[in-house]
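Have a look at the structure below before the remarks.
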Amino acid sequence: MASDRPVWASLIALFKQRAPADVSVVETLVRRHRLRAVELLPWILTVVAYYLFSDYLALGSQILIMILFALSLDLVLGYAGIVTLGHSAFFGVGAYAAGIYAARICGEPLSGLMVGATAAALVGWTSGLVILRTQGFTLLMLTLAVTALLAEAANKASFITGGADGLQGVDIAPIFGWFRFDMFGRVGYLYCLAVLFLCWLFARRLVHSPFGRSLIGIRENTARMHAIGSPVRRRLLTVYTISAALAGVAGALLAQTTQFVGLTVLGFQRSGEIVIMLVFGGVGRLYGAFVGASLYMIAQDQIAKLEPEFWNFWIGLLLVVLVMFARGGVLGLVDRVLSLARRKP
Amino acid sequence: MSPALETVGLHRNFGALIVANDINFRLDTGARHALIGPNGAGKTTFINLITGALAPSAGRIMLGGEDITGLPQAARVGRGLGRTFQINALFKGLSVLENVSLAVGERMGIGGDLLRLVGSHRAVLERAYALLERLRIADDALVPVRELPYGKQRLVEIAISLGLQPTVLLLDEPAAGVPSAESVIILDVIEQLPRDIAVLIIEHDMELVFRFAHQITVLVQGSILMEGTPAEIAADARVREVYLGERRHG
């Protein structure tokens, strides 16, 4: 009887996949890929947060942007198994492209997003052509090198990027010519939320498509993917380009909502940070990005208030503990608790 | 009619080390052919040359009369060349059904579809599941491969290659590492392979070879020592020397 069950048991039931009572095996597999109720949880939370924390919407927008950035990273790192430390290259290119577009050409935000996505996708595709021929440490070093090259280029080309002073004069027109970005960040937050939602729809579809499964196949056993006739390099290049585009959108969102682009968007620190966020939440799970980026950003904000000079230490400690005792990140931990609870009748 | 698979003067060396020496080999349509030889004879190298995992230094490879020497691995698979691995090469985190579906999906050309859910290609899943039923591993369809015992993993290995609907199937020691009680099941599966598939099996287990093969090729130090029916091979003095000699010394 439901009333006898403790609250946590009902919660677990919500997370459980329905047991296949009389459906075929194939049908069971098909259902695993369908949208489940629990996947709406992050969206409910983001909307609730809008009303509950209306003083923190600027931070909220930043979190949404970092979620999108981490989500893009999850596609290459978590699903395809491409270990990169240079994902800020695409974030940065997206930010600069959208920023320069707004400052020099047109302040319309949606076309600005497209410009950011396209520029980042181009950089992703071109660098991917070279980088994805390699593996392991070589690949890792090359991703770092690409970021360093772009950061230096942005620094030198100060006539167009503003160099070390940053890009000024990023004026964003109202969305659809109607919704003006306000100083409380309300429009900015909802704008980021809508963009993140659309990107998530796309990413979710992608990871549950045959293409997404083949990425997992490449991650799990590249040699066998070759042996079953999969065009491995083309698949990797495709996902690398898509991921770059999404990271570019995230960068463009940052440029538009803060109306400024600084050299840090291309920094190595940002590449490292986003990997930490994703590992924190759980790699290769799609929702690790949501959990990791929110927890990291909120923790950073809170700890920085308490210990302005020492917060990095606590973040580091938290990460060490998590990596040592909870390999799949926070979501991995949740998984393990759930499966333990499930085993008990 | 051209043979299912043929190699002409196939050669590969690493510097001074010759691992495949002028191999002229022919696999007939629907053949049951075994490739035997002592450790280090170059059997797996030969397979890797045929599949394209390794490029030959010289020679040609023909599949169904068509020269595939210059084709990449994936294109050869598309033309009907399937293989299994001596050491399991599976997608361990995925379920058995997903493992086989990956192969079936690539074969049916939908592996790159990124806009529709897995479930919208139900024919792929149905075909993969039918294969599992044929190999009697359907009960484990939804179990992650890493949780299966090794013997069953070997069957998944075969199921993946069958998912490619090959005309030529290269089995690299299919029963290696499997306890003898379970290897019977694998033998049954191999014996029941569709007759229209030409099968080349690499095997150490002579009992299995003599039970299965109609034709045997003996490879020693990268060269073909001899070729013949099981009876001819068993009677040949050179083969005995290579094999029994090796065995006597342990």
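Following the order of the structure tokens, first chain is A, next is B, and so on, with residues numbered from 1 inside each chain and ligands from 1 in the order they appear.
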
- request: From segment 3-143 of chain B, collect each residue whose DSSP state is strand (DSSP E or B) and return the set as JSON, numbers by chain.
  value: {"B": [5, 6, 7, 8, 9, 10, 11, 12, 13, 14, 17, 18, 19, 20, 21, 22, 23, 24, 25, 26, 27, 32, 33, 34, 35, 36, 58, 59, 60, 61, 62, 63, 66, 67, 81, 82, 83, 95]}

May I have the residues of chain A within 8 Å of chain B, counting only C-alpha atoms, written as a PDB file with C-alpha atoms, in the first residue's frame?
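out27.pdb written:
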```pdb
ATOM      1  CA  VAL A  25      12.509  -7.509 -25.158  1.00  0.00           C
ATOM      2  CA  VAL A  26      12.752  -5.221 -28.161  1.00  0.00           C
ATOM      3  CA  LEU A  29      14.834  -1.553 -25.151  1.00  0.00           C
ATOM      4  CA  VAL A  30      12.822   0.909 -27.211  1.00  0.00           C
ATOM      5  CA  ARG A  31      11.165   2.242 -24.058  1.00  0.00           C
ATOM      6  CA  HIS A  33      15.136   5.540 -24.935  1.00  0.00           C
ATOM      7  CA  ARG A 205      17.670  13.038 -29.358  1.00  0.00           C
ATOM      8  CA  LEU A 206      21.230  12.664 -30.568  1.00  0.00           C
ATOM      9  CA  VAL A 207      22.474  10.436 -27.745  1.00  0.00           C
ATOM     10  CA  HIS A 208      19.445   8.177 -28.051  1.00  0.00           C
ATOM     11  CA  SER A 209      19.764   7.886 -31.824  1.00  0.00           C
ATOM     12  CA  PRO A 210      21.681   5.145 -33.658  1.00  0.00           C
ATOM     13  CA  PHE A 211      24.409   7.759 -34.158  1.00  0.00           C
ATOM     14  CA  GLY A 212      24.619   8.311 -30.403  1.00  0.00           C
ATOM     15  CA  ARG A 213      24.814   4.576 -29.771  1.00  0.00           C
ATOM     16  CA  SER A 214      27.612   4.289 -32.304  1.00  0.00           C
ATOM     17  CA  GLY A 217      30.468   1.907 -29.409  1.00  0.00           C
ATOM     18  CA  GLU A 220      33.865   1.224 -25.668  1.00  0.00           C
ATOM     19  CA  ASN A 221      35.767  -0.445 -28.495  1.00  0.00           C
ATOM     20  CA  ALA A 223      38.670  -1.436 -33.145  1.00  0.00           C
ATOM     21  CA  ARG A 224      35.404  -3.334 -33.181  1.00  0.00           C
ATOM     22  CA  HIS A 226      35.974  -0.377 -37.508  1.00  0.00           C
ATOM     23  CA  ALA A 227      35.404  -4.108 -37.840  1.00  0.00           C
ATOM     24  CA  ILE A 228      31.629  -3.729 -38.107  1.00  0.00           C
ATOM     25  CA  GLY A 229      32.051  -1.241 -40.902  1.00  0.00           C
ATOM     26  CA  SER A 230      31.448   1.983 -39.020  1.00  0.00           C
ATOM     27  CA  PRO A 231      33.052   5.108 -40.514  1.00  0.00           C
ATOM     28  CA  ARG A 235      31.369   9.919 -36.803  1.00  0.00           C
TER      29      ARG A 235
END
```

message: Which residues are close to Ala173 of chain A, i.e. within 9 Å by only C-alpha atoms, leaving aside same-chain residues fewer than 3 positions away? Reply as a ChimeraX atom specification.
response: /A:102,106-109,176-181

message: I need the residues in segment 134-248 of chain A that are alpha helix (DSSP H) according to DSSP; give them as an NGL selection string.
response: :A and (136-156 or 158-161 or 186-207 or 210-220 or 222-227 or 232-248)

task: Write out as a ChimeraX atom specification which residues come within 12 Å of segment 216-230 of chain B when counting only C-alpha atoms, dropping same-chain ones fewer than 5 positions away.
output: /B:9-13,17-27,31-47,199-204,206-211,235-243

- prompt: Between atom CA of Val96 of chain B and atom CA of Arg336 of chain A, what is the distance, to one decimal in Å?
  reply: 21.9 Å

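Reported to one decimal place, the separation of atom CA of Val143 of chain B from atom CA of Ala289 of chain A is 26.8 Å.
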
- request: Find the spatial neighbours of Leu85 of chain A, counting only C-alpha atoms, within a cut-off of 7 Å - ignore same-chain residues fewer than 6 positions away - and output them as a PyMOL selection string.
  value: chain A and resi 140+143-144+271-272

field: Who sits within 12 Å of Ala194 of chain A, only C-alpha atoms, same chain under 2 positions skipped, as a ChimeraX atom specification
entry: /A:43,46-47,61,64-65,68,110,175,187-192,196-201,253

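Relative to atom CA of Val337 of chain A, atom CA of Tyr296 of chain A is found at 21.6 Å.
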
message: Set the distance at 8 Å and use only C-alpha atoms: which residues neighbour segment 145-161 of chain A once local chain neighbours fewer than 5 positions away are removed? I'd like the list as a ChimeraX atom specification.
response: /A:86-89,96,100,127,166-167,263,266-268
